[in-house]
$ cat run.cif   # mmCIF, N, CA and C atoms, pLDDT in the B column; chains and numbers go by the auth columns
data_data
#
loop_
_atom_site.group_PDB
_atom_site.id
_atom_site.type_symbol
_atom_site.label_atom_id
_atom_site.label_comp_id
_atom_site.label_asym_id
_atom_site.label_seq_id
_atom_site.Cartn_x
_atom_site.Cartn_y
_atom_site.Cartn_z
_atom_site.B_iso_or_equiv
_atom_site.auth_seq_id
_atom_site.auth_asym_id
ATOM 1 N N MET A 1 -19.859 15.201 -42.598 83.00 1 A
ATOM 2 C CA MET A 1 -19.566 13.897 -42.035 83.00 1 A
ATOM 3 C C MET A 1 -18.058 13.667 -42.034 83.00 1 A
ATOM 4 N N ILE A 2 -17.607 12.974 -41.019 91.00 2 A
ATOM 5 C CA ILE A 2 -16.198 12.604 -40.904 91.00 2 A
ATOM 6 C C ILE A 2 -16.097 11.106 -41.147 91.00 2 A
ATOM 7 N N LEU A 3 -15.216 10.714 -42.058 93.00 3 A
ATOM 8 C CA LEU A 3 -15.053 9.320 -42.441 93.00 3 A
ATOM 9 C C LEU A 3 -13.897 8.698 -41.659 93.00 3 A
ATOM 10 N N LEU A 4 -14.192 7.645 -40.899 94.00 4 A
ATOM 11 C CA LEU A 4 -13.181 6.923 -40.131 94.00 4 A
ATOM 12 C C LEU A 4 -13.121 5.489 -40.635 94.00 4 A
ATOM 13 N N LYS A 5 -11.911 4.928 -40.733 94.00 5 A
ATOM 14 C CA LYS A 5 -11.733 3.567 -41.232 94.00 5 A
ATOM 15 C C LYS A 5 -11.018 2.725 -40.183 94.00 5 A
ATOM 16 N N THR A 6 -11.570 1.552 -39.887 94.00 6 A
ATOM 17 C CA THR A 6 -10.930 0.658 -38.934 94.00 6 A
ATOM 18 C C THR A 6 -9.814 -0.123 -39.625 94.00 6 A
ATOM 19 N N LYS A 7 -8.948 -0.732 -38.820 94.00 7 A
ATOM 20 C CA LYS A 7 -7.868 -1.566 -39.367 94.00 7 A
ATOM 21 C C LYS A 7 -8.444 -2.727 -40.163 94.00 7 A
ATOM 22 N N ASN A 8 -9.526 -3.305 -39.657 91.00 8 A
ATOM 23 C CA ASN A 8 -10.176 -4.430 -40.329 91.00 8 A
ATOM 24 C C ASN A 8 -10.657 -4.016 -41.722 91.00 8 A
ATOM 25 N N TYR A 9 -11.273 -2.857 -41.815 91.00 9 A
ATOM 26 C CA TYR A 9 -11.763 -2.359 -43.103 91.00 9 A
ATOM 27 C C TYR A 9 -10.608 -2.157 -44.079 91.00 9 A
ATOM 28 N N LYS A 10 -9.548 -1.505 -43.611 92.00 10 A
ATOM 29 C CA LYS A 10 -8.388 -1.260 -44.476 92.00 10 A
ATOM 30 C C LYS A 10 -7.790 -2.565 -44.980 92.00 10 A
ATOM 31 N N LYS A 11 -7.732 -3.562 -44.101 91.00 11 A
ATOM 32 C CA LYS A 11 -7.192 -4.866 -44.483 91.00 11 A
ATOM 33 C C LYS A 11 -8.088 -5.532 -45.525 91.00 11 A
ATOM 34 N N ASN A 12 -9.397 -5.481 -45.307 88.00 12 A
ATOM 35 C CA ASN A 12 -10.348 -6.108 -46.230 88.00 12 A
ATOM 36 C C ASN A 12 -10.283 -5.513 -47.624 88.00 12 A
ATOM 37 N N VAL A 13 -10.242 -4.193 -47.726 89.00 13 A
ATOM 38 C CA VAL A 13 -10.286 -3.551 -49.037 89.00 13 A
ATOM 39 C C VAL A 13 -8.920 -3.500 -49.722 89.00 13 A
ATOM 40 N N SER A 14 -7.864 -3.804 -48.993 90.00 14 A
ATOM 41 C CA SER A 14 -6.536 -3.811 -49.619 90.00 14 A
ATOM 42 C C SER A 14 -6.397 -4.941 -50.637 90.00 14 A
ATOM 43 N N SER A 15 -7.233 -5.955 -50.533 88.00 15 A
ATOM 44 C CA SER A 15 -7.171 -7.078 -51.472 88.00 15 A
ATOM 45 C C SER A 15 -7.938 -6.804 -52.770 88.00 15 A
ATOM 46 N N LEU A 16 -8.642 -5.671 -52.841 89.00 16 A
ATOM 47 C CA LEU A 16 -9.368 -5.321 -54.061 89.00 16 A
ATOM 48 C C LEU A 16 -8.389 -4.956 -55.176 89.00 16 A
ATOM 49 N N SER A 17 -8.824 -5.134 -56.409 90.00 17 A
ATOM 50 C CA SER A 17 -7.986 -4.756 -57.550 90.00 17 A
ATOM 51 C C SER A 17 -7.808 -3.240 -57.575 90.00 17 A
ATOM 52 N N LYS A 18 -6.843 -2.784 -58.332 92.00 18 A
ATOM 53 C CA LYS A 18 -6.576 -1.346 -58.414 92.00 18 A
ATOM 54 C C LYS A 18 -7.803 -0.603 -58.935 92.00 18 A
ATOM 55 N N LYS A 19 -8.479 -1.182 -59.924 93.00 19 A
ATOM 56 C CA LYS A 19 -9.684 -0.574 -60.494 93.00 19 A
ATOM 57 C C LYS A 19 -10.788 -0.469 -59.439 93.00 19 A
ATOM 58 N N ASP A 20 -10.981 -1.541 -58.666 91.00 20 A
ATOM 59 C CA ASP A 20 -12.021 -1.548 -57.642 91.00 20 A
ATOM 60 C C ASP A 20 -11.686 -0.587 -56.504 91.00 20 A
ATOM 61 N N ARG A 21 -10.406 -0.469 -56.150 90.00 21 A
ATOM 62 C CA ARG A 21 -10.004 0.487 -55.111 90.00 21 A
ATOM 63 C C ARG A 21 -10.266 1.919 -55.572 90.00 21 A
ATOM 64 N N SER A 22 -10.071 2.163 -56.863 92.00 22 A
ATOM 65 C CA SER A 22 -10.354 3.486 -57.422 92.00 22 A
ATOM 66 C C SER A 22 -11.844 3.795 -57.304 92.00 22 A
ATOM 67 N N LEU A 23 -12.688 2.810 -57.620 93.00 23 A
ATOM 68 C CA LEU A 23 -14.134 2.977 -57.475 93.00 23 A
ATOM 69 C C LEU A 23 -14.513 3.175 -56.010 93.00 23 A
ATOM 70 N N LEU A 24 -13.842 2.441 -55.127 92.00 24 A
ATOM 71 C CA LEU A 24 -14.099 2.572 -53.693 92.00 24 A
ATOM 72 C C LEU A 24 -13.821 3.996 -53.231 92.00 24 A
ATOM 73 N N PHE A 25 -12.725 4.575 -53.686 93.00 25 A
ATOM 74 C CA PHE A 25 -12.391 5.945 -53.301 93.00 25 A
ATOM 75 C C PHE A 25 -13.512 6.904 -53.711 93.00 25 A
ATOM 76 N N LYS A 26 -14.044 6.727 -54.914 94.00 26 A
ATOM 77 C CA LYS A 26 -15.143 7.579 -55.380 94.00 26 A
ATOM 78 C C LYS A 26 -16.392 7.378 -54.520 94.00 26 A
ATOM 79 N N GLN A 27 -16.681 6.118 -54.184 94.00 27 A
ATOM 80 C CA GLN A 27 -17.852 5.827 -53.349 94.00 27 A
ATOM 81 C C GLN A 27 -17.690 6.443 -51.962 94.00 27 A
ATOM 82 N N GLU A 28 -16.479 6.409 -51.422 93.00 28 A
ATOM 83 C CA GLU A 28 -16.236 6.999 -50.103 93.00 28 A
ATOM 84 C C GLU A 28 -16.468 8.509 -50.139 93.00 28 A
ATOM 85 N N GLN A 29 -16.151 9.151 -51.259 94.00 29 A
ATOM 86 C CA GLN A 29 -16.398 10.585 -51.387 94.00 29 A
ATOM 87 C C GLN A 29 -17.901 10.882 -51.372 94.00 29 A
ATOM 88 N N PHE A 30 -18.677 10.031 -52.046 94.00 30 A
ATOM 89 C CA PHE A 30 -20.137 10.188 -51.998 94.00 30 A
ATOM 90 C C PHE A 30 -20.646 9.985 -50.574 94.00 30 A
ATOM 91 N N LEU A 31 -20.049 9.032 -49.865 93.00 31 A
ATOM 92 C CA LEU A 31 -20.452 8.703 -48.499 93.00 31 A
ATOM 93 C C LEU A 31 -20.263 9.896 -47.565 93.00 31 A
ATOM 94 N N VAL A 32 -19.175 10.629 -47.738 92.00 32 A
ATOM 95 C CA VAL A 32 -18.905 11.800 -46.909 92.00 32 A
ATOM 96 C C VAL A 32 -19.948 12.890 -47.162 92.00 32 A
ATOM 97 N N LYS A 33 -20.332 13.060 -48.425 93.00 33 A
ATOM 98 C CA LYS A 33 -21.294 14.106 -48.778 93.00 33 A
ATOM 99 C C LYS A 33 -22.717 13.754 -48.362 93.00 33 A
ATOM 100 N N ASP A 34 -23.131 12.502 -48.670 93.00 34 A
ATOM 101 C CA ASP A 34 -24.499 12.082 -48.389 93.00 34 A
ATOM 102 C C ASP A 34 -24.534 10.560 -48.311 93.00 34 A
ATOM 103 N N ILE A 35 -24.815 10.001 -47.139 92.00 35 A
ATOM 104 C CA ILE A 35 -24.783 8.538 -46.991 92.00 35 A
ATOM 105 C C ILE A 35 -25.878 7.850 -47.789 92.00 35 A
ATOM 106 N N PHE A 36 -26.867 8.593 -48.233 94.00 36 A
ATOM 107 C CA PHE A 36 -27.940 8.006 -49.032 94.00 36 A
ATOM 108 C C PHE A 36 -27.871 8.431 -50.500 94.00 36 A
ATOM 109 N N HIS A 37 -26.687 8.764 -50.963 95.00 37 A
ATOM 110 C CA HIS A 37 -26.513 9.122 -52.376 95.00 37 A
ATOM 111 C C HIS A 37 -26.971 7.938 -53.235 95.00 37 A
ATOM 112 N N PRO A 38 -27.681 8.185 -54.324 95.00 38 A
ATOM 113 C CA PRO A 38 -28.217 7.090 -55.151 95.00 38 A
ATOM 114 C C PRO A 38 -27.162 6.112 -55.680 95.00 38 A
ATOM 115 N N LYS A 39 -25.947 6.574 -55.933 94.00 39 A
ATOM 116 C CA LYS A 39 -24.906 5.678 -56.452 94.00 39 A
ATOM 117 C C LYS A 39 -24.404 4.691 -55.412 94.00 39 A
ATOM 118 N N LEU A 40 -24.690 4.946 -54.140 95.00 40 A
ATOM 119 C CA LEU A 40 -24.224 4.060 -53.075 95.00 40 A
ATOM 120 C C LEU A 40 -25.156 2.875 -52.826 95.00 40 A
ATOM 121 N N HIS A 41 -26.424 3.016 -53.154 95.00 41 A
ATOM 122 C CA HIS A 41 -27.410 1.968 -52.878 95.00 41 A
ATOM 123 C C HIS A 41 -27.359 1.568 -51.402 95.00 41 A
ATOM 124 N N THR A 42 -27.363 2.562 -50.515 95.00 42 A
ATOM 125 C CA THR A 42 -27.262 2.340 -49.075 95.00 42 A
ATOM 126 C C THR A 42 -28.496 1.624 -48.545 95.00 42 A
ATOM 127 N N LYS A 43 -28.239 0.614 -47.693 93.00 43 A
ATOM 128 C CA LYS A 43 -29.327 -0.132 -47.073 93.00 43 A
ATOM 129 C C LYS A 43 -29.024 -0.307 -45.582 93.00 43 A
ATOM 130 N N ARG A 44 -30.047 -0.134 -44.765 92.00 44 A
ATOM 131 C CA ARG A 44 -29.897 -0.366 -43.332 92.00 44 A
ATOM 132 C C ARG A 44 -29.913 -1.864 -43.080 92.00 44 A
ATOM 133 N N LEU A 45 -29.009 -2.340 -42.230 90.00 45 A
ATOM 134 C CA LEU A 45 -28.911 -3.763 -41.942 90.00 45 A
ATOM 135 C C LEU A 45 -29.753 -4.118 -40.729 90.00 45 A
ATOM 136 N N LYS A 46 -30.452 -5.219 -40.824 88.00 46 A
ATOM 137 C CA LYS A 46 -31.260 -5.722 -39.717 88.00 46 A
ATOM 138 C C LYS A 46 -30.368 -6.490 -38.753 88.00 46 A
ATOM 139 N N GLY A 47 -30.823 -6.638 -37.519 83.00 47 A
ATOM 140 C CA GLY A 47 -30.066 -7.388 -36.530 83.00 47 A
ATOM 141 C C GLY A 47 -29.195 -6.513 -35.648 83.00 47 A
ATOM 142 N N PHE A 48 -29.250 -5.209 -35.851 77.00 48 A
ATOM 143 C CA PHE A 48 -28.519 -4.252 -35.030 77.00 48 A
ATOM 144 C C PHE A 48 -29.547 -3.268 -34.479 77.00 48 A
ATOM 145 N N PRO A 49 -30.311 -3.670 -33.454 73.00 49 A
ATOM 146 C CA PRO A 49 -31.486 -2.911 -33.018 73.00 49 A
ATOM 147 C C PRO A 49 -31.219 -1.460 -32.621 73.00 49 A
ATOM 148 N N ASN A 50 -30.232 -1.197 -31.786 74.00 50 A
ATOM 149 C CA ASN A 50 -29.997 0.163 -31.309 74.00 50 A
ATOM 150 C C ASN A 50 -28.839 0.831 -32.016 74.00 50 A
ATOM 151 N N ASP A 51 -28.385 0.227 -33.082 77.00 51 A
ATOM 152 C CA ASP A 51 -27.245 0.753 -33.818 77.00 51 A
ATOM 153 C C ASP A 51 -27.673 1.139 -35.222 77.00 51 A
ATOM 154 N N HIS A 52 -27.006 2.094 -35.771 88.00 52 A
ATOM 155 C CA HIS A 52 -27.282 2.518 -37.136 88.00 52 A
ATOM 156 C C HIS A 52 -26.193 1.937 -38.030 88.00 52 A
ATOM 157 N N VAL A 53 -26.412 0.712 -38.506 92.00 53 A
ATOM 158 C CA VAL A 53 -25.438 -0.003 -39.332 92.00 53 A
ATOM 159 C C VAL A 53 -26.018 -0.145 -40.734 92.00 53 A
ATOM 160 N N TYR A 54 -25.200 0.209 -41.717 94.00 54 A
ATOM 161 C CA TYR A 54 -25.642 0.227 -43.103 94.00 54 A
ATOM 162 C C TYR A 54 -24.602 -0.437 -44.004 94.00 54 A
ATOM 163 N N SER A 55 -25.066 -0.862 -45.186 94.00 55 A
ATOM 164 C CA SER A 55 -24.140 -1.338 -46.214 94.00 55 A
ATOM 165 C C SER A 55 -24.247 -0.390 -47.401 94.00 55 A
ATOM 166 N N PHE A 56 -23.164 -0.313 -48.177 95.00 56 A
ATOM 167 C CA PHE A 56 -23.175 0.466 -49.407 95.00 56 A
ATOM 168 C C PHE A 56 -22.449 -0.311 -50.488 95.00 56 A
ATOM 169 N N ARG A 57 -22.796 -0.028 -51.716 94.00 57 A
ATOM 170 C CA ARG A 57 -22.230 -0.740 -52.859 94.00 57 A
ATOM 171 C C ARG A 57 -20.899 -0.107 -53.261 94.00 57 A
ATOM 172 N N ILE A 58 -19.866 -0.952 -53.352 92.00 58 A
ATOM 173 C CA ILE A 58 -18.580 -0.521 -53.896 92.00 58 A
ATOM 174 C C ILE A 58 -18.608 -0.796 -55.398 92.00 58 A
ATOM 175 N N THR A 59 -18.877 -2.045 -55.750 91.00 59 A
ATOM 176 C CA THR A 59 -19.121 -2.463 -57.134 91.00 59 A
ATOM 177 C C THR A 59 -20.326 -3.396 -57.076 91.00 59 A
ATOM 178 N N ARG A 60 -20.655 -4.018 -58.182 92.00 60 A
ATOM 179 C CA ARG A 60 -21.766 -4.966 -58.164 92.00 60 A
ATOM 180 C C ARG A 60 -21.470 -6.144 -57.242 92.00 60 A
ATOM 181 N N ALA A 61 -20.204 -6.491 -57.084 92.00 61 A
ATOM 182 C CA ALA A 61 -19.830 -7.660 -56.288 92.00 61 A
ATOM 183 C C ALA A 61 -19.344 -7.328 -54.879 92.00 61 A
ATOM 184 N N TYR A 62 -18.941 -6.096 -54.622 93.00 62 A
ATOM 185 C CA TYR A 62 -18.343 -5.756 -53.332 93.00 62 A
ATOM 186 C C TYR A 62 -19.191 -4.749 -52.571 93.00 62 A
ATOM 187 N N ARG A 63 -19.205 -4.920 -51.242 94.00 63 A
ATOM 188 C CA ARG A 63 -19.966 -4.048 -50.356 94.00 63 A
ATOM 189 C C ARG A 63 -19.071 -3.536 -49.233 94.00 63 A
ATOM 190 N N GLY A 64 -19.432 -2.392 -48.717 93.00 64 A
ATOM 191 C CA GLY A 64 -18.801 -1.834 -47.535 93.00 64 A
ATOM 192 C C GLY A 64 -19.846 -1.724 -46.447 93.00 64 A
ATOM 193 N N ILE A 65 -19.424 -1.879 -45.195 93.00 65 A
ATOM 194 C CA ILE A 65 -20.341 -1.799 -44.056 93.00 65 A
ATOM 195 C C ILE A 65 -19.868 -0.657 -43.158 93.00 65 A
ATOM 196 N N PHE A 66 -20.820 0.176 -42.738 94.00 66 A
ATOM 197 C CA PHE A 66 -20.455 1.286 -41.863 94.00 66 A
ATOM 198 C C PHE A 66 -21.490 1.487 -40.779 94.00 66 A
ATOM 199 N N ARG A 67 -21.055 2.191 -39.750 92.00 67 A
ATOM 200 C CA ARG A 67 -21.899 2.530 -38.598 92.00 67 A
ATOM 201 C C ARG A 67 -21.885 4.040 -38.452 92.00 67 A
ATOM 202 N N LEU A 68 -23.028 4.606 -38.127 91.00 68 A
ATOM 203 C CA LEU A 68 -23.117 6.032 -37.837 91.00 68 A
ATOM 204 C C LEU A 68 -22.953 6.243 -36.342 91.00 68 A
ATOM 205 N N SER A 69 -22.118 7.190 -36.000 87.00 69 A
ATOM 206 C CA SER A 69 -21.904 7.538 -34.604 87.00 69 A
ATOM 207 C C SER A 69 -21.778 9.059 -34.531 87.00 69 A
ATOM 208 N N GLY A 70 -22.869 9.704 -34.220 87.00 70 A
ATOM 209 C CA GLY A 70 -22.868 11.170 -34.209 87.00 70 A
ATOM 210 C C GLY A 70 -22.633 11.701 -35.612 87.00 70 A
ATOM 211 N N ASN A 71 -21.567 12.470 -35.785 89.00 71 A
ATOM 212 C CA ASN A 71 -21.219 13.039 -37.084 89.00 71 A
ATOM 213 C C ASN A 71 -20.159 12.194 -37.801 89.00 71 A
ATOM 214 N N ASN A 72 -19.903 10.983 -37.278 91.00 72 A
ATOM 215 C CA ASN A 72 -18.874 10.116 -37.846 91.00 72 A
ATOM 216 C C ASN A 72 -19.486 8.955 -38.620 91.00 72 A
ATOM 217 N N VAL A 73 -18.858 8.635 -39.739 93.00 73 A
ATOM 218 C CA VAL A 73 -19.179 7.432 -40.500 93.00 73 A
ATOM 219 C C VAL A 73 -17.999 6.501 -40.278 93.00 73 A
ATOM 220 N N ILE A 74 -18.234 5.382 -39.597 93.00 74 A
ATOM 221 C CA ILE A 74 -17.157 4.453 -39.262 93.00 74 A
ATOM 222 C C ILE A 74 -17.254 3.235 -40.173 93.00 74 A
ATOM 223 N N LEU A 75 -16.306 3.131 -41.101 94.00 75 A
ATOM 224 C CA LEU A 75 -16.239 1.989 -42.010 94.00 75 A
ATOM 225 C C LEU A 75 -15.534 0.861 -41.279 94.00 75 A
ATOM 226 N N PHE A 76 -16.217 -0.289 -41.104 90.00 76 A
ATOM 227 C CA PHE A 76 -15.602 -1.360 -40.329 90.00 76 A
ATOM 228 C C PHE A 76 -15.533 -2.701 -41.032 90.00 76 A
ATOM 229 N N ALA A 77 -16.136 -2.855 -42.197 91.00 77 A
ATOM 230 C CA ALA A 77 -16.032 -4.123 -42.935 91.00 77 A
ATOM 231 C C ALA A 77 -16.211 -3.847 -44.418 91.00 77 A
ATOM 232 N N GLY A 78 -15.564 -4.661 -45.226 91.00 78 A
ATOM 233 C CA GLY A 78 -15.694 -4.542 -46.664 91.00 78 A
ATOM 234 C C GLY A 78 -15.274 -5.845 -47.308 91.00 78 A
ATOM 235 N N GLY A 79 -15.873 -6.159 -48.437 90.00 79 A
ATOM 236 C CA GLY A 79 -15.500 -7.376 -49.136 90.00 79 A
ATOM 237 C C GLY A 79 -16.570 -7.825 -50.096 90.00 79 A
ATOM 238 N N HIS A 80 -16.404 -9.052 -50.581 91.00 80 A
ATOM 239 C CA HIS A 80 -17.357 -9.614 -51.525 91.00 80 A
ATOM 240 C C HIS A 80 -18.708 -9.753 -50.855 91.00 80 A
ATOM 241 N N ARG A 81 -19.757 -9.474 -51.595 89.00 81 A
ATOM 242 C CA ARG A 81 -21.100 -9.446 -51.011 89.00 81 A
ATOM 243 C C ARG A 81 -21.536 -10.783 -50.436 89.00 81 A
ATOM 244 N N LYS A 82 -20.965 -11.884 -50.921 89.00 82 A
ATOM 245 C CA LYS A 82 -21.320 -13.207 -50.396 89.00 82 A
ATOM 246 C C LYS A 82 -20.680 -13.454 -49.033 89.00 82 A
ATOM 247 N N ASP A 83 -19.557 -12.797 -48.761 87.00 83 A
ATOM 248 C CA ASP A 83 -18.791 -13.064 -47.544 87.00 83 A
ATOM 249 C C ASP A 83 -18.879 -11.974 -46.478 87.00 83 A
ATOM 250 N N VAL A 84 -19.078 -10.733 -46.886 86.00 84 A
ATOM 251 C CA VAL A 84 -18.955 -9.618 -45.945 86.00 84 A
ATOM 252 C C VAL A 84 -19.992 -9.669 -44.837 86.00 84 A
ATOM 253 N N TYR A 85 -21.194 -10.141 -45.116 83.00 85 A
ATOM 254 C CA TYR A 85 -22.231 -10.157 -44.095 83.00 85 A
ATOM 255 C C TYR A 85 -22.007 -11.269 -43.073 83.00 85 A
ATOM 256 N N GLU A 86 -21.317 -12.341 -43.469 82.00 86 A
ATOM 257 C CA GLU A 86 -21.013 -13.430 -42.550 82.00 86 A
ATOM 258 C C GLU A 86 -19.981 -13.006 -41.497 82.00 86 A
ATOM 259 N N SER A 87 -19.155 -12.016 -41.817 73.00 87 A
ATOM 260 C CA SER A 87 -18.108 -11.582 -40.896 73.00 87 A
ATOM 261 C C SER A 87 -18.629 -10.676 -39.787 73.00 87 A
ATOM 262 N N LEU A 88 -19.921 -10.307 -39.842 74.00 88 A
ATOM 263 C CA LEU A 88 -20.468 -9.385 -38.840 74.00 88 A
ATOM 264 C C LEU A 88 -20.867 -10.099 -37.582 74.00 88 A
#

$ encode --input "run.cif" --output "structure tokens"
Amino acid sequence: MILLKTKNYKKNVSSLSKKDRSLLFKQEQFLVKDIFHPKLHTKRLKGFPNDHVYSFRITRAYRGIFRLSGNNVILFAGGHRKDVYESL
């Protein structure tokens, strides 16, 4: 898998603490190897009928959102779990 990050995603996760960004980097490595790795707690999001949009756990409080496009994993949103889904 090839991991691609949008400007929006980079902006969202730049506000995370240094510790959380370190955890995010580890989670992204799992994402490249296997999008359904148990540590990611990957879930398919409803409301995107013909799209493969999923969320994954960064920490207990933060989530990342990605879309599958062929062999690419496109990270396009990230943030606190209470807010990240409203931005979609």

$ residues_around --input "run.cif" --residues "A:Val84" --least-positions-apart "5" --cutoff "8 Å" --atoms "only N, CA and C atoms" --output "ChimeraX atom specification"
/A:63-65,77-79

$ write_last_selection --input "run.cif" --atoms "N, CA and C atoms" --output "compact mmCIF listing (two decimals), keeping the file's coordinate frame"
# COMPACT_ATOMS: atom_id res chain seq x y z
N ARG A 63 -19.20 -4.92 -51.24
CA ARG A 63 -19.97 -4.05 -50.36
C ARG A 63 -19.07 -3.54 -49.23
N GLY A 64 -19.43 -2.39 -48.72
CA GLY A 64 -18.80 -1.83 -47.54
C GLY A 64 -19.85 -1.72 -46.45
N ILE A 65 -19.42 -1.88 -45.20
CA ILE A 65 -20.34 -1.80 -44.06
C ILE A 65 -19.87 -0.66 -43.16
N ALA A 77 -16.14 -2.86 -42.20
CA ALA A 77 -16.03 -4.12 -42.94
C ALA A 77 -16.21 -3.85 -44.42
N GLY A 78 -15.56 -4.66 -45.23
CA GLY A 78 -15.69 -4.54 -46.66
C GLY A 78 -15.27 -5.84 -47.31
N GLY A 79 -15.87 -6.16 -48.44
CA GLY A 79 -15.50 -7.38 -49.14
C GLY A 79 -16.57 -7.82 -50.10

$ resolve_selection --input "run.cif" --expression "the PyMOL selection byres (((chain A and resi 1 and name CA) around 8) and name CA)" --output "PyMOL selection string"
chain A and resi 2-3+32-33+71-73

$ resolve_selection --input "run.cif" --expression "the PyMOL selection byres (((chain A and resi 24-27 and name CA) around 8) and name CA)" --output "PyMOL selection string"
chain A and resi 20-23+28-31+39-40+57-59

$ select_by_dssp --input "run.cif" --residues "chain A" --states "strand (DSSP E or B)" --output "list in words"
Ile2, Leu3, Leu4, Lys5, Lys43, Arg44, Val53, Tyr54, Ser55, Phe56, Arg57, Tyr62, Arg63, Gly64, Ile65, Phe66, Arg67, Leu68, Ser69, Asn72, Val73, Ile74, Leu75, Phe76, Ala77, Gly78, Gly79 and His80 of chain A

$ write_last_selection --input "run.cif" --atoms "N, CA and C atoms" --output "CSV table (one decimal), keeping the file's coordinate frame"
chain,number,residue,atom,x,y,z
A,2,ILE,N,-17.6,13.0,-41.0
A,2,ILE,CA,-16.2,12.6,-40.9
A,2,ILE,C,-16.1,11.1,-41.1
A,3,LEU,N,-15.2,10.7,-42.1
A,3,LEU,CA,-15.1,9.3,-42.4
A,3,LEU,C,-13.9,8.7,-41.7
A,4,LEU,N,-14.2,7.6,-40.9
A,4,LEU,CA,-13.2,6.9,-40.1
A,4,LEU,C,-13.1,5.5,-40.6
A,5,LYS,N,-11.9,4.9,-40.7
A,5,LYS,CA,-11.7,3.6,-41.2
A,5,LYS,C,-11.0,2.7,-40.2
A,43,LYS,N,-28.2,0.6,-47.7
A,43,LYS,CA,-29.3,-0.1,-47.1
A,43,LYS,C,-29.0,-0.3,-45.6
A,44,ARG,N,-30.0,-0.1,-44.8
A,44,ARG,CA,-29.9,-0.4,-43.3
A,44,ARG,C,-29.9,-1.9,-43.1
A,53,VAL,N,-26.4,0.7,-38.5
A,53,VAL,CA,-25.4,0.0,-39.3
A,53,VAL,C,-26.0,-0.1,-40.7
A,54,TYR,N,-25.2,0.2,-41.7
A,54,TYR,CA,-25.6,0.2,-43.1
A,54,TYR,C,-24.6,-0.4,-44.0
A,55,SER,N,-25.1,-0.9,-45.2
A,55,SER,CA,-24.1,-1.3,-46.2
A,55,SER,C,-24.2,-0.4,-47.4
A,56,PHE,N,-23.2,-0.3,-48.2
A,56,PHE,CA,-23.2,0.5,-49.4
A,56,PHE,C,-22.4,-0.3,-50.5
A,57,ARG,N,-22.8,0.0,-51.7
A,57,ARG,CA,-22.2,-0.7,-52.9
A,57,ARG,C,-20.9,-0.1,-53.3
A,62,TYR,N,-18.9,-6.1,-54.6
A,62,TYR,CA,-18.3,-5.8,-53.3
A,62,TYR,C,-19.2,-4.7,-52.6
A,63,ARG,N,-19.2,-4.9,-51.2
A,63,ARG,CA,-20.0,-4.0,-50.4
A,63,ARG,C,-19.1,-3.5,-49.2
A,64,GLY,N,-19.4,-2.4,-48.7
A,64,GLY,CA,-18.8,-1.8,-47.5
A,64,GLY,C,-19.8,-1.7,-46.4
A,65,ILE,N,-19.4,-1.9,-45.2
A,65,ILE,CA,-20.3,-1.8,-44.1
A,65,ILE,C,-19.9,-0.7,-43.2
A,66,PHE,N,-20.8,0.2,-42.7
A,66,PHE,CA,-20.5,1.3,-41.9
A,66,PHE,C,-21.5,1.5,-40.8
A,67,ARG,N,-21.1,2.2,-39.8
A,67,ARG,CA,-21.9,2.5,-38.6
A,67,ARG,C,-21.9,4.0,-38.5
A,68,LEU,N,-23.0,4.6,-38.1
A,68,LEU,CA,-23.1,6.0,-37.8
A,68,LEU,C,-23.0,6.2,-36.3
A,69,SER,N,-22.1,7.2,-36.0
A,69,SER,CA,-21.9,7.5,-34.6
A,69,SER,C,-21.8,9.1,-34.5
A,72,ASN,N,-19.9,11.0,-37.3
A,72,ASN,CA,-18.9,10.1,-37.8
A,72,ASN,C,-19.5,9.0,-38.6
A,73,VAL,N,-18.9,8.6,-39.7
A,73,VAL,CA,-19.2,7.4,-40.5
A,73,VAL,C,-18.0,6.5,-40.3
A,74,ILE,N,-18.2,5.4,-39.6
A,74,ILE,CA,-17.2,4.5,-39.3
A,74,ILE,C,-17.3,3.2,-40.2
A,75,LEU,N,-16.3,3.1,-41.1
A,75,LEU,CA,-16.2,2.0,-42.0
A,75,LEU,C,-15.5,0.9,-41.3
A,76,PHE,N,-16.2,-0.3,-41.1
A,76,PHE,CA,-15.6,-1.4,-40.3
A,76,PHE,C,-15.5,-2.7,-41.0
A,77,ALA,N,-16.1,-2.9,-42.2
A,77,ALA,CA,-16.0,-4.1,-42.9
A,77,ALA,C,-16.2,-3.8,-44.4
A,78,GLY,N,-15.6,-4.7,-45.2
A,78,GLY,CA,-15.7,-4.5,-46.7
A,78,GLY,C,-15.3,-5.8,-47.3
A,79,GLY,N,-15.9,-6.2,-48.4
A,79,GLY,CA,-15.5,-7.4,-49.1
A,79,GLY,C,-16.6,-7.8,-50.1
A,80,HIS,N,-16.4,-9.1,-50.6
A,80,HIS,CA,-17.4,-9.6,-51.5
A,80,HIS,C,-18.7,-9.8,-50.9

$ select_by_dssp --input "run.cif" --residues "chain A" --states "helix (DSSP H, G or I)" --output "list in words"
Lys7, Asn8, Tyr9, Lys10, Lys11, Asn12, Val13, Lys18, Lys19, Asp20, Arg21, Ser22, Leu23, Leu24, Phe25, Lys26, Gln27, Glu28, Gln29, Phe30, Leu31, Val32 and Lys33 of chain A

$ residues_near_point --input "run.cif" --point "(-26.3, -2.1, -46.9)" --cutoff "6 Å" --atoms "all atoms listed in the file" --output "ChimeraX atom specification"
/A:41-45,54-56

$ write_last_selection --input "run.cif" --atoms "N, CA and C atoms" --output "compact mmCIF listing (two decimals), in the coordinates of the input"
# COMPACT_ATOMS: atom_id res chain seq x y z
N HIS A 41 -26.42 3.02 -53.15
CA HIS A 41 -27.41 1.97 -52.88
C HIS A 41 -27.36 1.57 -51.40
N THR A 42 -27.36 2.56 -50.52
CA THR A 42 -27.26 2.34 -49.08
C THR A 42 -28.50 1.62 -48.54
N LYS A 43 -28.24 0.61 -47.69
CA LYS A 43 -29.33 -0.13 -47.07
C LYS A 43 -29.02 -0.31 -45.58
N ARG A 44 -30.05 -0.13 -44.76
CA ARG A 44 -29.90 -0.37 -43.33
C ARG A 44 -29.91 -1.86 -43.08
N LEU A 45 -29.01 -2.34 -42.23
CA LEU A 45 -28.91 -3.76 -41.94
C LEU A 45 -29.75 -4.12 -40.73
N TYR A 54 -25.20 0.21 -41.72
CA TYR A 54 -25.64 0.23 -43.10
C TYR A 54 -24.60 -0.44 -44.00
N SER A 55 -25.07 -0.86 -45.19
CA SER A 55 -24.14 -1.34 -46.21
C SER A 55 -24.25 -0.39 -47.40
N PHE A 56 -23.16 -0.31 -48.18
CA PHE A 56 -23.18 0.47 -49.41
C PHE A 56 -22.45 -0.31 -50.49
